2 protein chains.
Amino acid sequence: MSKRGKSSPLTANHNNLTQILIDHGLAALGDAYVNLVYSLALSQRNGKPTGEKVKGTILAEALRKATLRQYLPSKMDSHAMADAAEALMVYVWLNGQITIAETTQILEKAENPIEGFAQLLKTIKARVTFP
Amino acid sequence: MSKRGKSSPLTANHNNLTQILIDHGLAALGDAYVNLVYSLALSQRNGKPTGEKVKGTILAEALRKATLRQYLPSKMDSHAMADAAEALMVYVWLNGQITIAETTQILEKAENPIEGFAQLLKTIKARVTFP
């Protein structure tokens, strides 16, 4: 199947990283996605199911560590940076460029949540493609 | 792969429906799962990404419509019934008995959220197996 064939109709209009990172709709969907993969990673680490929301400050710091801050407009607060991280993480999943299994494995192995999300965002940055 | 081979270590101790439905940890993980699949179904229907939380009253009513209420202790409020629905929905996904794609398709096609979740829970009830 071609890359075009696999791309999600929900993200067909995105041609570069910045367009993904500032998409509020993707961020809203990404919020739900990130809470699931984070809860799943914690569940796997603890050996029992659990649910936990990810703090925005963690995602914002991870975005900086993954050197993705440069793709965003200069005036953005922590909340907007967390949104950007969520949008990008769900974008690659929607487009079949990463699986939930790989995502949770990266988060589960990390020493702490900031390192986990930074590692995940670095992996995504190196892999993301556009329609 | 055998059913045993596919079963999730997170749910290895569940031998019947009631044990799943009253598992608070599964409900917590299920809350994140259900918010994702519901947001994804809405996104697909709208043709653009969006995020929305599912109200507990919707899940409680869907659980009743799917005739799953009988597997729960007699004294349970709406909140506990919503938890039960969330626990069951994530259980079957964790154990490879349903995919996110099939789940969102059922929700997307339904006339309204209650019908969508009721249909989904009926499908799950007919399909769920234990380790």
# chains A, B, ... in the order shown; residues from 1 in each chain; ligands from 1
call {"tool": "residues_around", "arguments": {"residues": "Gly116 (chain A)", "least_positions_apart": "3", "cutoff": "10 Å", "atoms": "only C-alpha atoms", "output": "NGL selection string"}}
result
:A and (38 or 58-59 or 62 or 103-113 or 119-122)
call {"tool": "interface_residues", "arguments": {"of": "chain B", "to": "chain A", "cutoff": "9 Å", "atoms": "only C-alpha atoms", "output": "PyMOL selection string"}}
result
chain B and resi 9-11+24-37+39-40+43-44+47-53
call {"tool": "write_last_selection", "arguments": {"atoms": "C-alpha atoms", "output": "CSV table (one decimal), in the first residue's frame"}}
result
chain,number,residue,atom,x,y,z
B,9,PRO,CA,-1.2,-10.2,31.3
B,10,LEU,CA,-3.2,-7.2,32.7
B,11,THR,CA,-6.4,-9.2,32.8
B,24,HIS,CA,-11.8,-0.5,39.2
B,25,GLY,CA,-8.4,-0.6,37.6
B,26,LEU,CA,-9.8,-1.8,34.3
B,27,ALA,CA,-12.5,0.9,34.6
B,28,ALA,CA,-9.8,3.6,35.0
B,29,LEU,CA,-7.9,2.4,31.9
B,30,GLY,CA,-11.2,1.9,30.1
B,31,ASP,CA,-12.1,5.5,30.7
B,32,ALA,CA,-9.1,6.6,28.7
B,33,TYR,CA,-9.8,4.0,26.0
B,34,VAL,CA,-13.5,4.9,25.7
B,35,ASN,CA,-12.7,8.6,25.4
B,36,LEU,CA,-10.3,7.8,22.5
B,37,VAL,CA,-12.6,5.6,20.5
B,39,SER,CA,-13.5,10.9,19.9
B,40,LEU,CA,-12.2,9.0,17.0
B,43,SER,CA,-13.8,12.7,14.2
B,44,GLN,CA,-14.5,10.2,11.4
B,47,GLY,CA,-14.4,14.5,8.8
B,48,LYS,CA,-12.1,16.4,11.1
B,49,PRO,CA,-10.3,15.6,14.3
B,50,THR,CA,-12.1,16.4,17.6
B,51,GLY,CA,-12.0,15.2,21.2
B,52,GLU,CA,-15.0,14.7,23.5
B,53,LYS,CA,-15.5,12.9,26.8
call {"tool": "select_by_dssp", "arguments": {"residues": "chain A", "states": "alpha helix (DSSP H)", "output": "PyMOL selection string"}}
result
chain A and resi 3-6+17-21+24-46+56-65+78-94+100-109+113-127
call {"tool": "closest_residue", "arguments": {"among": "A:Glu86, A:Thr67, A:Arg45, A:Ile22", "to": "Lys125 (chain A)", "atoms": "only C-alpha atoms"}}
result
A:Thr67
call {"tool": "closest_residue", "arguments": {"among": "A:Thr129, A:Thr57, A:Asn16, A:Gln97", "to": "Ala85 (chain A)", "atoms": "only C-alpha atoms"}}
result
A:Thr57
